[in-house]
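Engineer: Supplied structure: work32.txt, compact mmCIF, C-alpha atoms (C1' of nucleotides).
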# COMPACT_ATOMS: atom_id res chain seq x y z
CA MET A 1 -0.41 30.13 10.81
CA VAL A 2 0.04 26.42 10.96
CA VAL A 3 2.81 25.86 13.44
CA ASP A 4 2.23 22.16 13.40
CA GLY A 5 2.68 22.26 9.68
CA ILE A 6 6.44 22.14 10.16
CA ALA A 7 6.51 19.25 12.53
CA ASP A 8 3.35 17.34 13.18
CA GLU A 9 3.12 14.90 16.00
CA THR A 10 5.04 12.15 14.29
CA GLY A 11 7.28 14.34 12.17
CA GLU A 12 6.04 12.73 9.01
CA THR A 13 5.82 16.12 7.35
CA VAL A 14 9.53 16.54 7.90
CA ASP A 15 10.05 12.98 6.72
CA ARG A 16 8.35 13.76 3.43
CA LEU A 17 10.23 16.99 3.05
CA PHE A 18 13.71 15.51 3.45
CA HIS A 19 12.82 12.36 1.60
CA ALA A 20 11.73 14.44 -1.38
CA LEU A 21 15.02 16.32 -1.27
CA ALA A 22 17.07 13.14 -1.04
CA ASP A 23 16.97 12.45 -4.76
CA GLY A 24 19.01 14.14 -7.45
CA THR A 25 16.30 14.00 -10.07
CA ARG A 26 13.82 15.66 -7.76
CA ARG A 27 16.27 18.38 -6.77
CA ASP A 28 16.88 18.98 -10.45
CA ILE A 29 13.16 19.26 -11.08
CA LEU A 30 12.99 21.84 -8.34
CA ARG A 31 15.72 23.86 -10.01
CA ARG A 32 14.10 23.66 -13.41
CA CYS A 33 10.68 24.65 -12.22
CA VAL A 34 11.94 27.86 -10.75
CA ARG A 35 12.62 29.51 -14.04
CA GLY A 36 8.95 29.25 -14.81
CA GLU A 37 6.25 26.66 -14.75
CA LEU A 38 6.94 23.57 -16.84
CA SER A 39 4.45 20.96 -17.93
CA VAL A 40 5.09 17.44 -16.73
CA SER A 41 5.69 16.18 -20.25
CA ARG A 42 8.21 18.93 -20.89
CA LEU A 43 9.97 17.98 -17.70
CA ALA A 44 9.88 14.33 -18.65
CA ALA A 45 11.63 15.14 -21.93
CA ALA A 46 14.60 16.37 -19.95
CA TYR A 47 15.34 13.09 -18.20
CA PRO A 48 16.41 9.66 -19.33
CA MET A 49 13.34 8.02 -17.91
CA SER A 50 9.70 7.53 -18.73
CA PHE A 51 6.96 10.09 -18.40
CA ALA A 52 5.34 8.06 -15.66
CA ALA A 53 8.56 8.02 -13.64
CA VAL A 54 8.83 11.80 -13.77
CA GLN A 55 5.17 12.03 -12.90
CA LYS A 56 5.86 10.05 -9.75
CA HIS A 57 8.75 12.31 -8.81
CA VAL A 58 6.51 15.33 -9.21
CA THR A 59 3.92 13.66 -7.00
CA VAL A 60 6.53 13.11 -4.30
CA LEU A 61 7.55 16.75 -4.52
CA GLU A 62 3.94 17.84 -4.39
CA ARG A 63 3.15 15.73 -1.32
CA ALA A 64 6.18 17.29 0.35
CA GLY A 65 4.80 20.72 -0.43
CA LEU A 66 7.82 21.61 -2.54
CA VAL A 67 5.91 22.20 -5.76
CA THR A 68 2.38 23.04 -6.78
CA LYS A 69 0.55 21.92 -9.89
CA GLU A 70 -1.82 24.07 -11.88
CA ARG A 71 -3.77 22.93 -14.87
CA ARG A 72 -3.67 24.99 -18.02
CA GLY A 73 -5.76 23.38 -20.66
CA ARG A 74 -4.54 19.86 -21.11
CA GLU A 75 -1.20 20.58 -19.51
CA GLN A 76 -0.31 20.42 -15.85
CA LEU A 77 2.14 23.17 -14.97
CA VAL A 78 4.61 22.46 -12.20
CA ARG A 79 6.05 25.28 -10.17
CA THR A 80 8.34 25.22 -7.15
CA ASP A 81 7.13 26.85 -3.98
CA PRO A 82 9.81 29.30 -2.83
CA GLU A 83 8.59 29.07 0.74
CA ALA A 84 9.15 25.33 0.72
CA VAL A 85 12.90 25.61 0.99
CA GLY A 86 12.30 27.93 3.88
CA ARG A 87 10.31 25.19 5.55
CA ALA A 88 13.11 22.69 5.08
CA ARG A 89 15.53 25.20 6.45
CA GLN A 90 13.36 25.73 9.47
CA ALA A 91 13.33 22.01 10.14
CA LEU A 92 17.12 22.16 10.16
CA ASP A 93 16.95 25.18 12.39
CA GLU A 94 15.03 23.20 14.94
CA LEU A 95 17.73 20.55 14.96
CA GLU A 96 20.44 23.14 15.14
CA SER A 97 18.76 25.06 17.92
CA ALA A 98 18.73 21.83 19.90
CA TRP A 99 22.48 21.80 19.28
CA ARG A 100 23.14 25.26 20.44
CA ALA A 101 20.84 25.05 23.43
CA ARG A 102 22.46 21.85 24.63
CA VAL A 103 26.00 22.97 24.00
CA ASP A 104 25.29 26.25 25.65
CA ARG A 105 23.72 24.52 28.61
CA MET A 106 26.59 22.07 28.81
CA SER A 107 29.04 24.88 29.27
CA GLY A 108 27.01 26.08 32.19
CA LEU A 109 26.75 22.63 33.70
CA LEU A 110 30.44 22.01 33.31
CA ALA A 111 31.06 25.26 35.11
CA GLU A 112 29.01 23.95 38.00
CA GLY A 113 30.78 20.63 37.96
CA ALA A 114 27.41 19.02 37.37
CA ASP A 115 26.97 16.01 35.16
CA ASP A 116 23.84 15.48 33.16
CA GLY A 117 25.46 12.21 32.14
CA ALA A 118 22.97 12.04 29.33
CA GLY A 119 21.02 9.87 31.66
CA PRO A 120 18.70 11.18 34.40
CA ASP A 121 16.32 13.51 32.61
CA ALA A 122 17.46 12.27 29.25
CA PRO A 123 14.95 9.49 28.53
CA ASP A 124 12.48 11.91 27.04
CA PRO A 125 11.29 10.32 23.83
CA HIS A 126 11.14 13.15 21.33
CA GLU A 127 9.37 11.42 18.50
CA HIS A 128 11.31 8.37 17.33
CA THR A 129 8.50 7.58 14.96
CA THR A 130 10.35 6.08 12.07
CA LYS A 131 7.78 4.64 9.76
CA GLY A 132 6.49 2.30 12.31
CA PRO A 133 4.88 -1.06 11.67
CA ASP A 134 1.52 0.61 12.14
CA GLY A 135 2.44 3.00 9.39
CA MET B 1 37.39 24.84 2.31
CA VAL B 2 36.14 21.81 0.51
CA VAL B 3 33.46 23.10 -1.78
CA ASP B 4 33.17 19.77 -3.49
CA GLY B 5 32.56 18.20 -0.14
CA ILE B 6 29.10 19.66 -0.20
CA ALA B 7 28.05 18.41 -3.58
CA ASP B 8 30.11 15.88 -5.42
CA GLU B 9 29.68 15.30 -9.08
CA THR B 10 26.59 13.18 -8.81
CA GLY B 11 25.18 14.78 -5.71
CA GLU B 12 25.21 11.51 -3.85
CA THR B 13 26.64 13.24 -0.81
CA VAL B 14 23.55 15.41 -0.70
CA ASP B 15 21.44 12.33 -1.30
CA ARG B 16 22.92 10.66 1.77
CA LEU B 17 22.57 13.78 3.83
CA PHE B 18 18.88 14.33 3.17
CA HIS B 19 18.10 10.65 3.23
CA ALA B 20 19.63 10.41 6.69
CA LEU B 21 17.52 13.33 7.84
CA ALA B 22 14.33 11.86 6.39
CA ASP B 23 13.70 9.56 9.33
CA GLY B 24 12.30 10.49 12.70
CA THR B 25 14.38 8.00 14.64
CA ARG B 26 17.57 9.30 13.09
CA ARG B 27 16.66 12.92 13.75
CA ASP B 28 15.98 11.93 17.34
CA ILE B 29 19.35 10.25 17.61
CA LEU B 30 20.93 13.45 16.38
CA ARG B 31 19.17 15.41 19.09
CA ARG B 32 20.15 12.98 21.80
CA CYS B 33 23.79 12.83 20.82
CA VAL B 34 24.21 16.54 21.16
CA ARG B 35 24.03 16.59 24.89
CA GLY B 36 27.10 14.42 25.00
CA GLU B 37 28.34 11.25 23.45
CA LEU B 38 26.13 8.23 23.95
CA SER B 39 27.06 4.63 23.46
CA VAL B 40 25.10 2.74 20.84
CA SER B 41 23.62 0.42 23.43
CA ARG B 42 22.47 3.36 25.54
CA LEU B 43 20.87 4.84 22.47
CA ALA B 44 19.27 1.54 21.63
CA ALA B 45 17.69 1.39 25.07
CA ALA B 46 15.77 4.55 24.23
CA TYR B 47 13.90 3.13 21.25
CA PRO B 48 11.34 0.40 20.80
CA MET B 49 13.56 -1.54 18.43
CA SER B 50 16.52 -3.86 18.53
CA PHE B 51 20.11 -2.89 19.13
CA ALA B 52 20.99 -3.90 15.59
CA ALA B 53 18.32 -1.60 14.15
CA VAL B 54 19.69 1.39 16.04
CA GLN B 55 23.15 0.38 14.98
CA LYS B 56 22.04 0.59 11.37
CA HIS B 57 20.54 4.02 11.91
CA VAL B 58 23.80 5.21 13.41
CA THR B 59 25.64 3.83 10.40
CA VAL B 60 23.37 5.78 8.06
CA LEU B 61 24.01 8.94 10.05
CA GLU B 62 27.72 8.25 10.03
CA ARG B 63 27.86 7.72 6.27
CA ALA B 64 26.02 11.01 5.86
CA GLY B 65 28.66 12.68 7.98
CA LEU B 66 26.12 13.71 10.59
CA VAL B 67 27.71 11.85 13.47
CA THR B 68 31.11 10.47 14.37
CA LYS B 69 31.90 7.38 16.37
CA GLU B 70 34.71 7.09 18.83
CA ARG B 71 35.61 3.98 20.73
CA ARG B 72 36.05 4.17 24.46
CA GLY B 73 36.89 0.79 25.83
CA ARG B 74 34.20 -1.60 24.75
CA GLU B 75 31.76 1.17 24.04
CA GLN B 76 31.32 3.10 20.84
CA LEU B 77 30.44 6.70 21.59
CA VAL B 78 28.25 8.50 19.10
CA ARG B 79 28.44 12.26 18.78
CA THR B 80 26.71 14.60 16.37
CA ASP B 81 28.90 16.76 14.20
CA PRO B 82 27.77 20.37 14.67
CA GLU B 83 29.10 21.30 11.26
CA ALA B 84 26.93 18.68 9.63
CA VAL B 85 23.74 20.65 9.99
CA GLY B 86 25.60 23.52 8.45
CA ARG B 87 26.38 21.31 5.48
CA ALA B 88 22.73 20.36 5.08
CA ARG B 89 21.80 23.99 5.30
CA GLN B 90 24.30 24.86 2.64
CA ALA B 91 22.82 22.26 0.32
CA LEU B 92 19.51 24.01 0.80
CA ASP B 93 21.22 27.31 0.20
CA GLU B 94 22.41 26.08 -3.15
CA LEU B 95 18.88 25.20 -4.11
CA GLU B 96 17.58 28.48 -2.83
CA SER B 97 20.25 30.47 -4.55
CA ALA B 98 19.19 28.80 -7.79
CA TRP B 99 15.73 30.14 -6.97
CA ARG B 100 16.82 33.65 -6.39
CA ALA B 101 19.24 33.73 -9.28
CA ARG B 102 16.65 32.43 -11.71
CA VAL B 103 13.90 34.67 -10.47
CA ASP B 104 16.20 37.62 -10.53
CA ARG B 105 17.45 36.73 -13.98
CA MET B 106 13.94 36.16 -15.21
CA SER B 107 13.01 39.72 -14.44
CA GLY B 108 15.89 40.90 -16.56
CA LEU B 109 15.13 38.50 -19.38
CA LEU B 110 11.51 39.43 -19.42
CA ALA B 111 12.58 43.01 -19.81
CA GLU B 112 14.62 42.02 -22.86
CA GLY B 113 11.96 39.71 -24.17
CA ALA B 114 14.72 37.11 -24.51
CA ASP B 115 14.57 33.35 -23.91
CA ASP B 116 17.23 31.84 -21.72
CA GLY B 117 17.04 28.57 -23.55
CA ALA B 118 15.11 26.57 -21.00
CA GLY B 119 13.82 24.75 -24.02
CA PRO B 120 13.10 21.04 -24.23
CA ASP B 121 15.88 20.21 -26.64
CA ALA B 122 18.32 22.27 -24.68
CA PRO B 123 18.32 20.17 -21.58
CA ASP B 124 21.01 21.42 -19.31
CA PRO B 125 21.55 18.34 -17.17
CA HIS B 126 22.43 19.65 -13.77
CA GLU B 127 22.86 16.26 -12.22
CA HIS B 128 19.66 14.21 -12.42
CA THR B 129 21.52 11.28 -11.01
CA THR B 130 18.78 9.64 -9.04
CA LYS B 131 20.14 6.30 -7.97
CA GLY B 132 20.46 5.08 -11.44
CA PRO B 133 20.62 1.45 -12.46
CA ASP B 134 24.37 1.93 -12.74
CA GLY B 135 24.56 3.14 -9.25
C1' DC C 1 -15.62 13.79 -35.85
C1' DC C 2 -10.99 12.03 -35.67
C1' DC C 3 -6.45 12.23 -34.21
C1' DA C 4 -2.58 13.71 -31.59
C1' DT C 5 -1.17 15.29 -27.10
C1' DC C 6 -1.03 15.45 -22.12
C1' DT C 7 -2.26 13.44 -18.07
C1' DA C 8 -3.69 9.86 -14.66
C1' DC C 9 -3.37 5.48 -12.82
C1' DA C 10 -2.85 0.49 -12.34
C1' DA C 11 0.01 -3.60 -12.62
C1' DC C 12 4.32 -5.38 -12.42
C1' DC C 13 9.45 -5.90 -11.38
C1' DA C 14 14.21 -5.24 -9.17
C1' DT C 15 16.43 -3.05 -5.58
C1' DT C 16 16.65 -0.69 -1.23
C1' DT C 17 15.11 0.10 3.40
C1' DG C 18 13.97 -0.81 8.03
C1' DG C 19 13.34 -4.21 10.89
C1' DT C 20 14.27 -8.92 12.98
C1' DT C 21 17.28 -12.82 14.89
C1' DG C 22 21.48 -15.21 15.49
C1' DT C 23 26.33 -15.60 15.88
C1' DA C 24 31.04 -14.14 16.62
C1' DC C 25 34.49 -11.06 18.62
C1' DG C 26 36.72 -7.74 21.84
C1' DT C 27 36.70 -5.72 26.44
C1' DT C 28 35.91 -5.25 31.40
C1' DA C 29 34.79 -7.21 35.91
C1' DG C 30 35.12 -11.16 39.35
C1' DC D 1 39.61 -18.17 33.07
C1' DT D 2 34.77 -17.20 32.95
C1' DA D 3 30.88 -14.42 32.70
C1' DA D 4 28.69 -10.35 31.25
C1' DC D 5 28.59 -6.42 28.40
C1' DG D 6 29.00 -3.86 24.04
C1' DT D 7 29.74 -4.17 19.43
C1' DA D 8 29.93 -5.99 14.58
C1' DC D 9 28.00 -8.38 10.99
C1' DA D 10 25.47 -11.77 8.23
C1' DA D 11 21.07 -13.85 6.89
C1' DC D 12 16.50 -13.21 6.37
C1' DC D 13 11.82 -10.84 5.68
C1' DA D 14 8.00 -7.36 4.65
C1' DA D 15 7.27 -3.09 2.82
C1' DA D 16 8.56 0.95 0.34
C1' DT D 17 11.09 3.03 -3.76
C1' DG D 18 12.14 3.87 -8.36
C1' DG D 19 11.57 2.28 -12.50
C1' DT D 20 8.89 0.08 -16.48
C1' DT D 21 4.72 -0.76 -19.63
C1' DG D 22 0.00 -0.51 -20.72
C1' DT D 23 -4.53 1.44 -20.65
C1' DA D 24 -7.93 4.97 -20.22
C1' DG D 25 -9.78 9.85 -19.69
C1' DA D 26 -9.48 14.94 -21.07
C1' DT D 27 -8.24 18.52 -24.04
C1' DG D 28 -7.16 20.98 -28.41
C1' DG D 29 -6.43 21.22 -33.61
C1' DG D 30 -7.67 20.05 -38.64
Let's see the structure in the file written out as structure tokens.

Structural biologist:
Amino acid sequence: MVVDGIADETGETVDRLFHALADGTRRDILRRCVRGELSVSRLAAAYPMSFAAVQKHVTVLERAGLVTKERRGREQLVRTDPEAVGRARQALDELESAWRARVDRMSGLLAEGADDGAGPDAPDPHEHTTKGPDG
Amino acid sequence: MVVDGIADETGETVDRLFHALADGTRRDILRRCVRGELSVSRLAAAYPMSFAAVQKHVTVLERAGLVTKERRGREQLVRTDPEAVGRARQALDELESAWRARVDRMSGLLAEGADDGAGPDAPDPHEHTTKGPDG
DNA sequence: CCCATCTACAACCATTTGGTTGTACGTTAG
DNA sequence: CTAACGTACAACCAAATGGTTGTAGATGGG
């Protein structure tokens, strides 16, 4: 069980996941490849763009772990990984749990009249690793 | 309940949502702004980048509907919108429901030996509106 | 074998992104 | 008023993105 698989040290796994989902064509490919594996060329025929462009989209989805490719003869069959959406959802869960935990805690603190002021123990750099210059 | 709010005709709302989430700095900002509103300059102090850069990140989050800004005096307080994560989750739900529906339907179709018309010349354009040249 | 198909990949281009700096404007404190 | 703070925004730059075309390597059919 790869716990770090969801969020590695820099969060680049999550980056790839959401980035892959942030494109309509790629989301559409995901939907299409659920009803059964489709070859890349068959996919390409469905969009108003070149084969190579679709190929790149599939690569992005693959690197994000959202689809898998399997070769059958000269074709490359693309299939969505059902667990992948679960992974994306879990990434959201982690954000949301931060929500709930904080909000919940805030209620308690307010009850005590305390003020975390978002200052004292706040400067705890979570990750803030955008795509840094060293990227 | 604004159903269309989740996915407009071209899906660009979903695009913005996932794009905003596809960056570690922005996800970190979301986490920080849960424990209470933070001014942009206070946020900026937490990252190894300029004020203007953080300002841009906040703008991206705002356009995605993930945070709201409220002016207090000369400060601009940033606060995450708890419902926003719910919206992202729902976008995932829509993808996942496509999964389940298709898979479920496939079982039935296989039993009938029918073809649901996923054919190449029967492209059912869901959206496939990447960021087209017209966009 | 020869040809058509499917894939892979490189080179190239326009636009976007993420970052910088600099400047201008509103607000609060002295 | 003046100075300092916080914000807004424009101009600029390097790198990534999304697209194109072209070329080359496998695979399968006649």

Engineer: Could you please tell me, as a ChimeraX atom specification, which residues of chain C have an atom within 8 Å of chain B when using all atoms listed in the file?

Structural biologist: /C:18-20,26-28

Engineer: Go through B:Ala91, B:Val85, B:Leu61, B:Ala44 one by one, measure the shortest atom-to-atom distance of each to chain A using only C-alpha atoms, and give the residue with the smallest value.

Structural biologist: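 Looking at the shortest contact to chain A, the residue is B:Val85.
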
Engineer: Write down, as a ChimeraX atom specification, each residue of chain D that has any atom within 12 Å of an atom of chain B, counting all atoms listed in the file.

Structural biologist: /D:5-10,17-19

Engineer: As AutoDock Vina command-line options, please report the centre and edge lengths, rounded to one decimal in Å, of the axis-aligned box that holds all listed atoms of region 1-8 of chain D with 4 Å of padding on each of the six sides.

Structural biologist:
--center_x 34.1 --center_y -11.0 --center_z 23.8 --size_x 19.0 --size_y 22.3 --size_z 26.5

Engineer: To one decimal in Å, tell me the separation between CA of Tyr47 (chain A) and CA of Asp15 (chain A).

Structural biologist: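 About the pair CA of Tyr47 (chain A) and CA of Asp15 (chain A): they are 25.5 Å apart.
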
Engineer: When distances are computed from all atoms listed in the file, which of A:Glu70, A:Asp81, A:Glu96, A:Glu37 shows the smallest separation from chain B?

Structural biologist: A:Glu96

Engineer: Separation of CA of Ala88 (chain B) and CA of Leu92 (chain A), in Å?

Structural biologist: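 Rounded to one decimal, the two atoms are 7.8 Å apart.
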
Engineer: Select, from C:DG22, C:DC1, C:DC13, C:DT7, the residue with the minimum atom-to-atom distance to DG25 (chain D), counting only C-alpha atoms (C1' of nucleotides).

Structural biologist: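 For DG25 (chain D), the nearest of the given residues is C:DT7.
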